[in-house]
$ cat entry-v3.txt   # compact mmCIF, C-alpha atoms
# COMPACT_ATOMS: atom_id res chain seq x y z
CA MET A 2 -29.25 62.88 29.38
CA SER A 3 -31.29 62.24 26.27
CA PRO A 4 -31.77 58.61 25.24
CA LEU A 5 -28.48 57.40 23.88
CA SER A 6 -28.16 56.08 20.39
CA ALA A 7 -24.80 54.53 21.26
CA ALA A 8 -24.29 52.47 24.40
CA VAL A 9 -20.55 52.42 23.80
CA GLU A 10 -18.47 54.87 21.85
CA THR A 11 -14.67 54.84 21.60
CA ARG A 12 -12.42 57.31 19.83
CA SER A 13 -8.82 56.42 18.94
CA LEU A 14 -8.83 54.26 22.03
CA GLY A 15 -5.51 52.62 22.85
CA CYS A 16 -4.03 50.60 25.65
CA ARG A 17 -0.35 49.88 26.17
CA TYR A 18 1.31 47.37 28.43
CA GLY A 19 4.88 48.66 28.72
CA ARG A 20 6.01 49.11 25.13
CA PHE A 21 3.41 46.74 23.72
CA TRP A 22 0.17 48.21 22.36
CA ALA A 23 -2.58 45.68 23.08
CA LEU A 24 -5.14 47.95 21.44
CA ARG A 25 -4.49 50.82 19.13
CA ASP A 26 -6.50 53.58 17.49
CA CYS A 27 -9.78 51.82 18.11
CA SER A 28 -12.84 53.86 17.12
CA LEU A 29 -16.19 52.14 17.26
CA SER A 30 -19.76 52.58 18.26
CA VAL A 31 -22.16 50.03 19.75
CA PRO A 32 -25.82 50.96 19.19
CA ALA A 33 -28.06 50.84 22.26
CA GLY A 34 -30.20 47.71 22.26
CA SER A 35 -27.88 45.80 19.94
CA VAL A 36 -26.21 42.46 20.50
CA THR A 37 -22.72 43.18 19.25
CA ALA A 38 -20.16 40.49 18.50
CA LEU A 39 -16.50 41.24 19.06
CA VAL A 40 -14.36 38.90 16.98
CA GLY A 41 -10.69 38.64 16.14
CA PRO A 42 -7.75 36.27 16.47
CA ASN A 43 -6.04 35.66 19.80
CA GLY A 44 -4.07 38.72 20.78
CA ALA A 45 -6.18 41.09 18.69
CA GLY A 46 -7.05 43.12 21.77
CA LYS A 47 -10.59 41.83 22.46
CA THR A 48 -10.17 41.25 26.18
CA THR A 49 -8.26 44.52 26.55
CA LEU A 50 -11.10 46.40 24.84
CA LEU A 51 -13.71 44.75 27.10
CA HIS A 52 -11.60 45.54 30.18
CA LEU A 53 -11.40 49.18 29.08
CA LEU A 54 -15.20 49.30 28.80
CA VAL A 55 -15.77 48.01 32.32
CA GLY A 56 -12.99 50.11 33.86
CA LEU A 57 -10.64 47.22 34.63
CA CYS A 58 -7.86 49.00 32.78
CA ALA A 59 -7.22 52.61 31.87
CA PRO A 60 -6.81 53.99 28.34
CA SER A 61 -3.25 54.95 27.34
CA ALA A 62 -4.66 56.96 24.43
CA GLY A 63 -8.04 58.20 23.21
CA ASP A 64 -11.21 57.69 25.20
CA ALA A 65 -14.17 55.41 25.75
CA ARG A 66 -17.68 56.41 26.70
CA VAL A 67 -19.90 53.79 28.20
CA LEU A 68 -23.56 54.76 28.65
CA GLY A 69 -22.41 58.32 28.12
CA TRP A 70 -19.51 58.46 30.57
CA ALA A 71 -15.84 57.54 30.84
CA PRO A 72 -15.78 54.44 33.08
CA ARG A 73 -12.53 55.29 34.93
CA GLU A 74 -13.42 58.92 35.53
CA HIS A 75 -17.05 58.41 36.51
CA PRO A 76 -17.20 54.86 37.85
CA LEU A 77 -20.31 55.52 39.93
CA LEU A 78 -22.21 56.71 36.87
CA VAL A 79 -21.14 53.71 34.78
CA LEU A 80 -20.34 50.60 36.76
CA PRO A 81 -23.67 50.09 38.58
CA ARG A 82 -25.31 50.00 35.13
CA VAL A 83 -22.85 47.53 33.57
CA GLY A 84 -22.73 43.76 34.01
CA PHE A 85 -19.52 41.90 33.21
CA VAL A 86 -18.93 38.17 32.86
CA ALA A 87 -15.21 37.45 32.57
CA GLN A 88 -13.75 34.68 30.44
CA ASP A 89 -13.66 31.91 33.07
CA HIS A 90 -16.95 33.10 34.70
CA PRO A 91 -15.30 33.49 38.11
CA LEU A 92 -17.42 32.52 41.12
CA TYR A 93 -16.42 31.68 44.67
CA ARG A 94 -16.15 27.91 44.48
CA GLY A 95 -16.68 27.36 48.21
CA PHE A 96 -19.88 29.44 48.31
CA ARG A 97 -23.40 28.08 48.21
CA LEU A 98 -25.63 29.73 45.60
CA SER A 99 -27.56 31.50 48.38
CA GLU A 100 -24.23 32.99 49.52
CA MET A 101 -23.42 34.12 45.97
CA LEU A 102 -26.79 35.91 45.94
CA THR A 103 -26.05 37.57 49.30
CA LEU A 104 -22.75 38.76 47.89
CA GLY A 105 -24.49 40.18 44.84
CA ARG A 106 -27.09 41.89 47.00
CA ARG A 107 -24.50 43.48 49.29
CA LEU A 108 -22.22 44.65 46.46
CA ASN A 109 -24.81 46.05 44.07
CA THR A 110 -27.14 48.97 44.54
CA ARG A 111 -29.66 47.88 41.93
CA TRP A 112 -29.76 44.17 42.82
CA ASP A 113 -32.91 42.27 41.83
CA ASP A 114 -33.02 39.30 44.19
CA ALA A 115 -36.36 38.03 42.89
CA LEU A 116 -35.01 37.87 39.34
CA ALA A 117 -31.94 35.93 40.49
CA ARG A 118 -33.98 33.41 42.52
CA GLU A 119 -36.52 32.92 39.78
CA ARG A 120 -33.78 32.29 37.19
CA LEU A 121 -31.94 29.79 39.40
CA GLN A 122 -35.19 27.98 40.07
CA ARG A 123 -35.96 27.77 36.37
CA LEU A 124 -32.48 26.37 35.79
CA GLY A 125 -33.21 23.75 38.45
CA LEU A 126 -30.34 24.91 40.67
CA PRO A 127 -31.11 24.69 44.42
CA LEU A 128 -29.84 27.57 46.57
CA ASP A 129 -27.96 25.28 48.97
CA ARG A 130 -25.83 23.83 46.16
CA ARG A 131 -22.14 24.77 46.30
CA VAL A 132 -20.54 26.42 43.27
CA ALA A 133 -17.83 23.74 43.16
CA ALA A 134 -20.52 21.09 42.66
CA LEU A 135 -21.86 22.72 39.48
CA SER A 136 -20.98 21.72 35.91
CA GLY A 137 -19.25 24.23 33.65
CA GLY A 138 -22.54 25.02 31.92
CA GLU A 139 -24.30 25.58 35.24
CA GLN A 140 -21.50 27.85 36.47
CA ALA A 141 -21.80 29.91 33.29
CA GLN A 142 -25.56 30.17 33.85
CA VAL A 143 -25.01 31.26 37.48
CA ALA A 144 -22.49 33.90 36.38
CA LEU A 145 -25.02 35.16 33.81
CA THR A 146 -27.75 35.19 36.48
CA LEU A 147 -25.60 37.31 38.82
CA ALA A 148 -24.79 39.74 36.01
CA LEU A 149 -28.47 40.03 34.99
CA ALA A 150 -29.65 40.49 38.58
CA LYS A 151 -27.67 43.72 38.59
CA ARG A 152 -30.29 44.92 36.11
CA PRO A 153 -27.57 46.19 33.79
CA GLU A 154 -28.16 48.44 30.81
CA LEU A 155 -24.99 47.07 29.23
CA LEU A 156 -23.87 43.47 29.57
CA VAL A 157 -20.28 42.65 28.61
CA LEU A 158 -19.31 39.00 28.14
CA ASP A 159 -15.80 37.79 27.38
CA GLU A 160 -15.88 34.41 25.58
CA PRO A 161 -18.92 33.37 27.61
CA ALA A 162 -19.53 30.06 25.90
CA ALA A 163 -16.02 28.98 24.95
CA SER A 164 -15.67 26.22 27.51
CA LEU A 165 -19.20 24.85 27.22
CA ASP A 166 -20.41 21.76 25.38
CA PRO A 167 -22.84 22.40 22.49
CA LEU A 168 -26.00 21.80 24.53
CA ALA A 169 -24.87 23.97 27.45
CA ARG A 170 -23.84 26.64 24.96
CA ARG A 171 -27.24 26.60 23.28
CA GLU A 172 -28.98 26.86 26.66
CA PHE A 173 -26.67 29.66 27.78
CA LEU A 174 -27.21 31.70 24.62
CA GLY A 175 -30.95 30.99 24.79
CA SER A 176 -31.03 32.45 28.32
CA LEU A 177 -29.06 35.43 27.15
CA MET A 178 -31.47 36.04 24.26
CA GLU A 179 -34.46 35.81 26.62
CA ALA A 180 -32.89 38.59 28.67
CA VAL A 181 -32.43 40.64 25.49
CA ALA A 182 -36.07 40.01 24.53
CA ASP A 183 -37.13 41.60 27.83
CA GLY A 184 -35.74 44.85 26.43
CA GLY A 185 -33.54 47.68 27.61
CA LEU A 186 -30.32 45.69 27.39
CA THR A 187 -27.29 46.15 25.17
CA VAL A 188 -24.92 43.20 24.89
CA VAL A 189 -21.28 43.13 23.81
CA LEU A 190 -19.76 39.67 23.63
CA SER A 191 -16.51 38.31 22.32
CA SER A 192 -16.35 34.84 20.86
CA HIS A 193 -14.44 32.57 18.55
CA ILE A 194 -17.52 30.55 17.71
CA LEU A 195 -18.66 32.28 14.55
CA ALA A 196 -21.69 30.05 13.97
CA ASP A 197 -23.12 31.11 17.36
CA LEU A 198 -22.49 34.76 16.63
CA GLU A 199 -24.43 34.68 13.40
CA ARG A 200 -27.50 33.35 15.24
CA VAL A 201 -27.30 35.58 18.24
CA CYS A 202 -25.74 38.91 17.24
CA ASP A 203 -27.01 41.72 15.05
CA HIS A 204 -23.84 43.83 14.98
CA LEU A 205 -20.22 42.94 14.46
CA VAL A 206 -16.88 44.50 15.36
CA LEU A 207 -13.83 42.76 13.93
CA LEU A 208 -10.50 43.49 15.59
CA ARG A 209 -7.16 42.59 14.13
CA SER A 210 -3.69 43.52 15.34
CA GLY A 211 -5.16 45.95 17.81
CA GLY A 212 -7.38 47.91 15.40
CA VAL A 213 -10.92 47.76 13.98
CA GLN A 214 -11.04 46.06 10.57
CA LEU A 215 -14.76 45.88 10.00
CA SER A 216 -17.83 46.97 11.93
CA GLY A 217 -21.55 47.43 11.36
CA PRO A 218 -24.91 45.66 11.25
CA ILE A 219 -24.37 42.00 10.31
CA GLU A 220 -27.20 42.05 7.78
CA GLU A 221 -25.56 44.93 5.91
CA ILE A 222 -22.13 43.34 6.08
CA VAL A 223 -23.40 40.07 4.62
CA ALA A 224 -25.42 41.89 1.94
CA ALA A 225 -22.39 43.92 0.87
CA HIS A 226 -19.96 41.04 0.28
CA ARG A 227 -19.77 38.75 -2.72
CA VAL A 228 -17.48 36.04 -3.94
CA LEU A 229 -16.49 36.32 -7.60
CA THR A 230 -15.19 33.39 -9.60
CA GLY A 231 -13.86 33.69 -13.12
CA PRO A 232 -11.03 32.94 -15.49
CA ARG A 233 -7.63 33.91 -14.21
CA THR A 234 -7.15 37.67 -14.44
CA ASP A 235 -5.57 40.57 -12.70
CA PRO A 236 -8.26 41.82 -10.26
CA ALA A 237 -7.32 45.46 -10.95
CA SER A 238 -10.48 46.11 -12.98
CA VAL A 239 -12.64 44.80 -10.13
CA ALA A 240 -10.60 46.71 -7.57
CA ARG A 241 -11.43 49.99 -9.31
CA MET A 242 -15.11 49.51 -8.43
CA HIS A 243 -15.09 47.31 -5.34
CA SER A 244 -12.84 46.59 -2.38
CA VAL A 245 -11.05 43.30 -2.89
CA ILE A 246 -10.71 41.68 0.52
CA GLN A 247 -9.08 38.48 -0.55
CA GLN A 248 -7.87 36.98 -3.80
CA ARG A 249 -6.75 33.56 -4.82
CA HIS A 250 -5.48 32.33 -8.13
CA SER A 251 -5.08 28.89 -9.55
CA GLU A 252 -3.59 28.30 -12.96
CA ARG A 253 -6.84 29.04 -14.75
CA GLN A 254 -9.12 30.59 -12.22
CA THR A 255 -9.31 33.63 -9.98
CA THR A 256 -11.51 33.77 -6.89
CA LEU A 257 -12.13 37.09 -5.16
CA LEU A 258 -14.00 38.05 -2.06
CA VAL A 259 -15.09 41.65 -2.47
CA ARG A 260 -17.01 44.27 -0.63
CA ALA A 261 -19.22 45.34 -3.51
CA ASN A 262 -19.85 49.06 -3.66
CA SER A 263 -22.51 48.58 -6.29
CA HIS A 264 -23.96 45.77 -8.35
CA VAL A 265 -21.37 43.50 -9.94
CA TYR A 266 -22.26 43.52 -13.64
CA ASP A 267 -19.19 42.17 -15.33
CA ALA A 268 -20.28 39.04 -17.17
CA CYS A 269 -16.93 37.29 -16.88
CA TRP A 270 -17.45 36.79 -13.15
CA GLN A 271 -19.73 34.28 -11.55
CA VAL A 272 -21.14 36.05 -8.51
CA GLY A 273 -22.02 34.18 -5.33
CA GLU A 274 -23.23 35.10 -1.86
CA VAL A 275 -21.12 34.53 1.23
CA ASP A 276 -22.07 33.96 4.84
CA LEU A 277 -20.73 35.80 7.85
CA GLU A 278 -18.24 33.11 8.76
CA GLU A 279 -16.61 33.25 5.32
CA ILE A 280 -16.46 37.03 5.43
CA VAL A 281 -14.85 37.08 8.87
CA LEU A 282 -12.32 34.45 7.83
CA ALA A 283 -11.46 36.43 4.71
CA TYR A 284 -10.81 39.55 6.77
CA LEU A 285 -8.68 37.53 9.11
CA GLY A 286 -6.82 36.16 6.11
CA LEU A 287 -7.30 32.62 7.33
CA GLY A 288 -9.09 30.92 4.53
CA MET A 289 -11.02 31.22 1.36
CA PRO A 290 -14.76 30.87 0.99
CA ALA A 291 -15.86 27.58 -0.46
CA ALA A 292 -15.76 28.17 -4.17
CA PRO A 293 -15.28 25.73 -6.98
CA VAL A 294 -11.54 26.25 -7.10
CA ARG A 295 -10.10 23.94 -9.66
CA ARG A 296 -7.15 21.96 -8.51
CA GLU A 297 -4.41 21.39 -11.01
CA VAL A 298 -2.60 18.14 -10.61
CA ALA A 299 1.12 18.67 -10.60
CA SER A 300 2.84 16.39 -13.08
CA MET B 4 -48.82 26.06 19.22
CA ILE B 5 -46.06 25.29 16.76
CA GLU B 6 -42.41 24.74 17.45
CA PHE B 7 -39.78 26.21 15.19
CA ARG B 8 -36.59 24.52 14.16
CA LEU B 9 -33.68 25.87 12.17
CA ASP B 10 -31.42 24.55 9.51
CA MET B 11 -28.37 26.80 9.66
CA ARG B 12 -26.84 25.11 6.64
CA SER B 13 -29.76 25.64 4.30
CA GLY B 14 -28.58 29.09 3.27
CA VAL B 15 -32.16 30.35 3.82
CA PRO B 16 -32.09 33.39 6.14
CA THR B 17 -33.27 32.53 9.65
CA TYR B 18 -36.24 34.91 9.63
CA LEU B 19 -37.43 33.42 6.35
CA GLN B 20 -37.28 29.90 7.77
CA LEU B 21 -39.62 31.04 10.55
CA VAL B 22 -41.97 32.67 8.01
CA GLN B 23 -42.02 29.53 5.89
CA GLN B 24 -42.70 27.27 8.88
CA VAL B 25 -45.69 29.36 9.97
CA LYS B 26 -47.09 29.29 6.43
CA GLN B 27 -46.46 25.58 6.12
CA ALA B 28 -48.24 24.92 9.42
CA ALA B 29 -51.16 27.10 8.29
CA ARG B 30 -51.34 25.27 4.96
CA LEU B 31 -51.44 21.90 6.68
CA GLY B 32 -54.09 23.13 9.09
CA LEU B 33 -51.81 22.85 12.14
CA LEU B 34 -52.38 26.55 12.73
CA GLN B 35 -55.95 27.87 12.60
CA PRO B 36 -57.21 31.45 12.73
CA GLY B 37 -57.11 32.59 16.37
CA ASP B 38 -54.17 30.35 17.29
CA GLN B 39 -51.30 32.05 19.05
CA LEU B 40 -47.72 31.95 17.80
CA PRO B 41 -44.96 31.37 20.38
CA THR B 42 -43.86 34.62 22.03
CA VAL B 43 -40.61 36.19 20.91
CA LYS B 44 -39.08 35.31 24.27
CA GLU B 45 -40.08 31.65 23.95
CA VAL B 46 -38.64 31.39 20.46
CA VAL B 47 -35.31 33.02 21.29
CA GLY B 48 -35.00 30.95 24.47
CA THR B 49 -35.26 27.65 22.63
CA LEU B 50 -33.50 28.52 19.37
CA ALA B 51 -30.86 30.88 20.83
CA ILE B 52 -31.37 33.48 18.12
CA ASN B 53 -31.56 37.26 18.20
CA PRO B 54 -35.03 38.61 19.12
CA ASN B 55 -34.92 40.95 16.11
CA THR B 56 -34.89 37.91 13.83
CA VAL B 57 -38.20 36.70 15.29
CA LEU B 58 -39.67 40.19 15.23
CA LYS B 59 -38.72 40.48 11.57
CA ALA B 60 -40.44 37.18 10.75
CA TYR B 61 -43.60 38.16 12.63
CA ARG B 62 -43.62 41.59 10.99
CA GLU B 63 -43.37 39.96 7.59
CA LEU B 64 -46.29 37.61 8.37
CA ASP B 65 -48.24 40.57 9.72
CA HIS B 66 -47.50 42.52 6.55
CA GLU B 67 -48.85 39.63 4.48
CA GLY B 68 -51.99 39.64 6.61
CA LEU B 69 -51.51 36.11 7.89
CA VAL B 70 -51.04 37.07 11.54
CA GLU B 71 -51.75 40.07 13.73
CA GLY B 72 -49.99 41.34 16.82
CA ARG B 73 -52.28 42.18 19.73
CA ARG B 74 -50.72 44.64 22.12
CA GLY B 75 -49.58 42.98 25.32
CA GLN B 76 -51.07 39.62 24.34
CA GLY B 77 -48.95 38.19 21.56
CA THR B 78 -49.19 37.30 17.90
CA PHE B 79 -52.22 35.44 16.53
CA VAL B 80 -53.12 33.80 13.25
CA SER B 81 -55.69 36.05 11.62
CA ARG B 82 -56.69 34.14 8.53
CA ALA B 83 -56.37 30.72 7.03
CA LEU B 84 -54.23 30.14 4.01
CA PRO B 85 -56.28 28.72 1.18
CA VAL B 86 -56.00 24.99 1.70
CA ALA B 87 -56.73 22.52 -1.00
CA ALA B 88 -59.81 20.55 -0.02
CA PRO B 89 -58.73 17.19 1.41
CA ALA B 90 -60.34 15.32 -1.47
CA ASP B 91 -58.37 17.35 -4.01
CA HIS B 92 -55.30 16.83 -1.93
CA ALA B 93 -55.59 13.06 -2.06
CA ALA B 94 -56.38 13.05 -5.77
CA LEU B 95 -53.39 15.27 -6.59
CA GLN B 96 -51.11 13.11 -4.50
CA ALA B 97 -52.30 9.95 -6.23
CA GLU B 98 -51.69 11.53 -9.61
CA LEU B 99 -48.18 12.55 -8.61
CA GLN B 100 -47.48 9.10 -7.23
CA ASN B 101 -48.61 7.68 -10.53
CA TRP B 102 -46.28 9.99 -12.45
CA ILE B 103 -43.33 9.04 -10.22
CA GLY B 104 -44.09 5.39 -10.91
CA LYS B 105 -43.94 6.04 -14.65
CA ALA B 106 -40.66 7.94 -14.30
CA ARG B 107 -39.12 5.08 -12.35
CA ALA B 108 -40.35 2.53 -14.84
CA ALA B 109 -38.66 4.61 -17.55
CA GLY B 110 -35.39 4.24 -15.65
CA PHE B 111 -35.10 7.61 -13.87
CA ASP B 112 -33.58 7.45 -10.39
CA GLU B 113 -34.55 9.53 -7.35
CA ASP B 114 -32.28 12.48 -8.15
CA TRP B 115 -33.58 12.65 -11.70
CA VAL B 116 -37.19 12.56 -10.57
CA ALA B 117 -36.55 15.34 -8.05
CA ALA B 118 -34.73 17.42 -10.67
CA LEU B 119 -37.51 16.99 -13.26
CA PHE B 120 -40.13 17.91 -10.70
CA ALA B 121 -38.20 20.98 -9.50
CA ALA B 122 -37.65 22.15 -13.08
CA ALA B 123 -41.36 21.76 -13.91
CA VAL B 124 -42.40 23.66 -10.77
CA HIS B 125 -39.95 26.41 -11.60
CA ARG B 126 -41.14 26.68 -15.21
CA SER B 127 -44.84 26.79 -14.47
CA PHE B 128 -44.66 29.23 -11.57
CA GLU B 129 -42.28 31.51 -13.37
CA ARG B 130 -44.76 31.74 -16.24
CA ALA B 131 -47.63 32.38 -13.88
CA ALA B 132 -45.80 35.22 -12.16
$ encode --input "entry-v3.txt" --output "structure tokens"
Amino acid sequence: MSPLSAAVETRSLGCRYGRFWALRDCSLSVPAGSVTALVGPNGAGKTTLLHLLVGLCAPSAGDARVLGWAPREHPLLVLPRVGFVAQDHPLYRGFRLSEMLTLGRRLNTRWDDALARERLQRLGLPLDRRVAALSGGEQAQVALTLALAKRPELLVLDEPAASLDPLARREFLGSLMEAVADGGLTVVLSSHILADLERVCDHLVLLRSGGVQLSGPIEEIVAAHRVLTGPRTDPASVARMHSVIQQRHSERQTTLLVRANSHVYDACWQVGEVDLEEIVLAYLGLGMPAAPVRREVAS
Amino acid sequence: MIEFRLDMRSGVPTYLQLVQQVKQAARLGLLQPGDQLPTVKEVVGTLAINPNTVLKAYRELDHEGLVEGRRGQGTFVSRALPVAAPADHAALQAELQNWIGKARAAGFDEDWVAALFAAAVHRSFERAA
């Protein structure tokens, strides 16, 4: 096959548990070499989507192509090239690290034992240590090490840093970024921690109620959104030119978060920039970007 | 070798913070021509940021002619930023200190002094540009 421009491509992908659609009509593309963030509220279908990518569940509708192939139909062409770290980074608690490495070596065709040993040594984790004796941060690092020693072309991580303290999280994400810097790796990770994602990721996919709400390069997404503040008005005139994502009105003031399709010229609006976290929250309908909203005191 | 740090709340894009820190270090003489910048892998390992962000910063510095990438070796400082001679430096600082003293004596507090200074910098550099 020619070099792929997309490491992951889904078309109208859906997954149903009984009558409940956990993921619906999901079409997205993850560029090869990107670090793509998957965000969305609980129950948006993030874990289901990740499980579909690594062949842990089967599509009920549409299809997914991972590194060019459907994971369930061609597992041998996909799975040896994909690393997956599940939410609770599962390891065998009774195993010593040397035994975890043996397991990895026996189960994987492309296992790089030297890489695994070198990483564990750098982390200061002796091979005779038992998994149960490791801290949460160390377990996450071991799970990442095992996934990287597979020499994957695609690494899928489900909430990898959720349970870690801030220092362990920083170290974990630092390790992950070192692996990305070595090249040839595409990463898809889900997370609730938006501040981390803005540092680490270059692409974003936002899921809500089982469908894709927003996706693209983070730089472009941030550049395209603006917060407008002005005297209270009907946002219809703005909506003709730009997509209004969120609006809020106080007695005298209107605040809008828009995806600007061109420059915002209208002099009655004060135009401000927004960061990724504010944009994501607006799409999730959870909050309003910090803007000088005037509070009226009820009398 | 310099070490980068980030202020995620500053609102300054991450790559630009890296660019500014290299320039600042060069201005203060902490980086000399021939000195090596940390490798992309080192930077992303400590700061936990996307490698593209570092590459973008280094490209920008390269574009401005301050550093050059040598294939397989790393990124090196290629020229010095014009530094004010140390004597000038001290004289300018003394003058500024003197001005701050006058402002305080006239009853301006720290915020006012900072605001006046920022406004003056803005005005004179805008005119120069």
$ atom_distance --input "entry-v3.txt" --atom1 "CA of Glu252 (chain A)" --atom2 "CA of Trp270 (chain A)"
16.3 Å
$ interface_residues --input "entry-v3.txt" --of "chain B" --to "chain A" --cutoff "10 Å" --atoms "only C-alpha atoms" --output "mmCIF file with C-alpha atoms, in the frame of the given file"
data_model
loop_
_atom_site.group_PDB
_atom_site.id
_atom_site.type_symbol
_atom_site.label_atom_id
_atom_site.label_comp_id
_atom_site.auth_asym_id
_atom_site.auth_seq_id
_atom_site.Cartn_x
_atom_site.Cartn_y
_atom_site.Cartn_z
ATOM 1 C CA MET B 11 -28.370 26.800 9.660
ATOM 2 C CA GLY B 14 -28.580 29.090 3.270
ATOM 3 C CA THR B 17 -33.270 32.530 9.650
ATOM 4 C CA THR B 42 -43.860 34.620 22.030
ATOM 5 C CA VAL B 43 -40.610 36.190 20.910
ATOM 6 C CA LYS B 44 -39.080 35.310 24.270
ATOM 7 C CA GLU B 45 -40.080 31.650 23.950
ATOM 8 C CA VAL B 46 -38.640 31.390 20.460
ATOM 9 C CA VAL B 47 -35.310 33.020 21.290
ATOM 10 C CA GLY B 48 -35.000 30.950 24.470
ATOM 11 C CA THR B 49 -35.260 27.650 22.630
ATOM 12 C CA LEU B 50 -33.500 28.520 19.370
ATOM 13 C CA ALA B 51 -30.860 30.880 20.830
ATOM 14 C CA ILE B 52 -31.370 33.480 18.120
ATOM 15 C CA ASN B 53 -31.560 37.260 18.200
ATOM 16 C CA PRO B 54 -35.030 38.610 19.120
ATOM 17 C CA ASN B 55 -34.920 40.950 16.110
ATOM 18 C CA THR B 56 -34.890 37.910 13.830
ATOM 19 C CA LEU B 58 -39.670 40.190 15.230
#
$ atom_distance --input "entry-v3.txt" --atom1 "CA of Val55 (chain A)" --atom2 "CA of Pro32 (chain A)"
16.8 Å
$ build_atoms --input "entry-v3.txt" --residues "region 14-26 of chain A" --atoms "N, CA and C atoms" --output "PDB file, keeping the file's coordinate frame"
ATOM      1  N   LEU A  14      -9.142  54.873  20.750  1.00  0.00           N
ATOM      2  CA  LEU A  14      -8.830  54.260  22.030  1.00  0.00           C
ATOM      3  C   LEU A  14      -7.600  53.342  21.903  1.00  0.00           C
ATOM      4  N   GLY A  15      -6.686  53.473  22.857  1.00  0.00           N
ATOM      5  CA  GLY A  15      -5.510  52.620  22.850  1.00  0.00           C
ATOM      6  C   GLY A  15      -5.128  52.209  24.254  1.00  0.00           C
ATOM      7  N   CYS A  16      -4.484  51.057  24.345  1.00  0.00           N
ATOM      8  CA  CYS A  16      -4.030  50.600  25.650  1.00  0.00           C
ATOM      9  C   CYS A  16      -2.681  49.922  25.474  1.00  0.00           C
ATOM     10  N   ARG A  17      -1.729  50.332  26.303  1.00  0.00           N
ATOM     11  CA  ARG A  17      -0.350  49.880  26.170  1.00  0.00           C
ATOM     12  C   ARG A  17       0.066  49.182  27.441  1.00  0.00           C
ATOM     13  N   TYR A  18       0.681  48.024  27.281  1.00  0.00           N
ATOM     14  CA  TYR A  18       1.310  47.370  28.430  1.00  0.00           C
ATOM     15  C   TYR A  18       2.809  47.513  28.223  1.00  0.00           C
ATOM     16  N   GLY A  19       3.471  48.395  28.971  1.00  0.00           N
ATOM     17  CA  GLY A  19       4.880  48.660  28.720  1.00  0.00           C
ATOM     18  C   GLY A  19       5.038  49.248  27.330  1.00  0.00           C
ATOM     19  N   ARG A  20       5.825  48.584  26.489  1.00  0.00           N
ATOM     20  CA  ARG A  20       6.010  49.110  25.130  1.00  0.00           C
ATOM     21  C   ARG A  20       5.052  48.465  24.135  1.00  0.00           C
ATOM     22  N   PHE A  21       4.284  47.487  24.611  1.00  0.00           N
ATOM     23  CA  PHE A  21       3.410  46.740  23.720  1.00  0.00           C
ATOM     24  C   PHE A  21       1.992  47.319  23.701  1.00  0.00           C
ATOM     25  N   TRP A  22       1.534  47.687  22.505  1.00  0.00           N
ATOM     26  CA  TRP A  22       0.170  48.210  22.360  1.00  0.00           C
ATOM     27  C   TRP A  22      -0.789  47.036  22.178  1.00  0.00           C
ATOM     28  N   ALA A  23      -1.605  46.776  23.182  1.00  0.00           N
ATOM     29  CA  ALA A  23      -2.580  45.680  23.080  1.00  0.00           C
ATOM     30  C   ALA A  23      -3.779  46.112  22.246  1.00  0.00           C
ATOM     31  N   LEU A  24      -4.031  47.413  22.226  1.00  0.00           N
ATOM     32  CA  LEU A  24      -5.140  47.950  21.440  1.00  0.00           C
ATOM     33  C   LEU A  24      -4.701  49.321  20.958  1.00  0.00           C
ATOM     34  N   ARG A  25      -5.022  49.597  19.697  1.00  0.00           N
ATOM     35  CA  ARG A  25      -4.490  50.820  19.130  1.00  0.00           C
ATOM     36  C   ARG A  25      -5.517  51.492  18.220  1.00  0.00           C
ATOM     37  N   ASP A  26      -5.684  52.781  18.391  1.00  0.00           N
ATOM     38  CA  ASP A  26      -6.500  53.580  17.490  1.00  0.00           C
ATOM     39  C   ASP A  26      -7.850  52.918  17.205  1.00  0.00           C
TER      40      ASP A  26
END
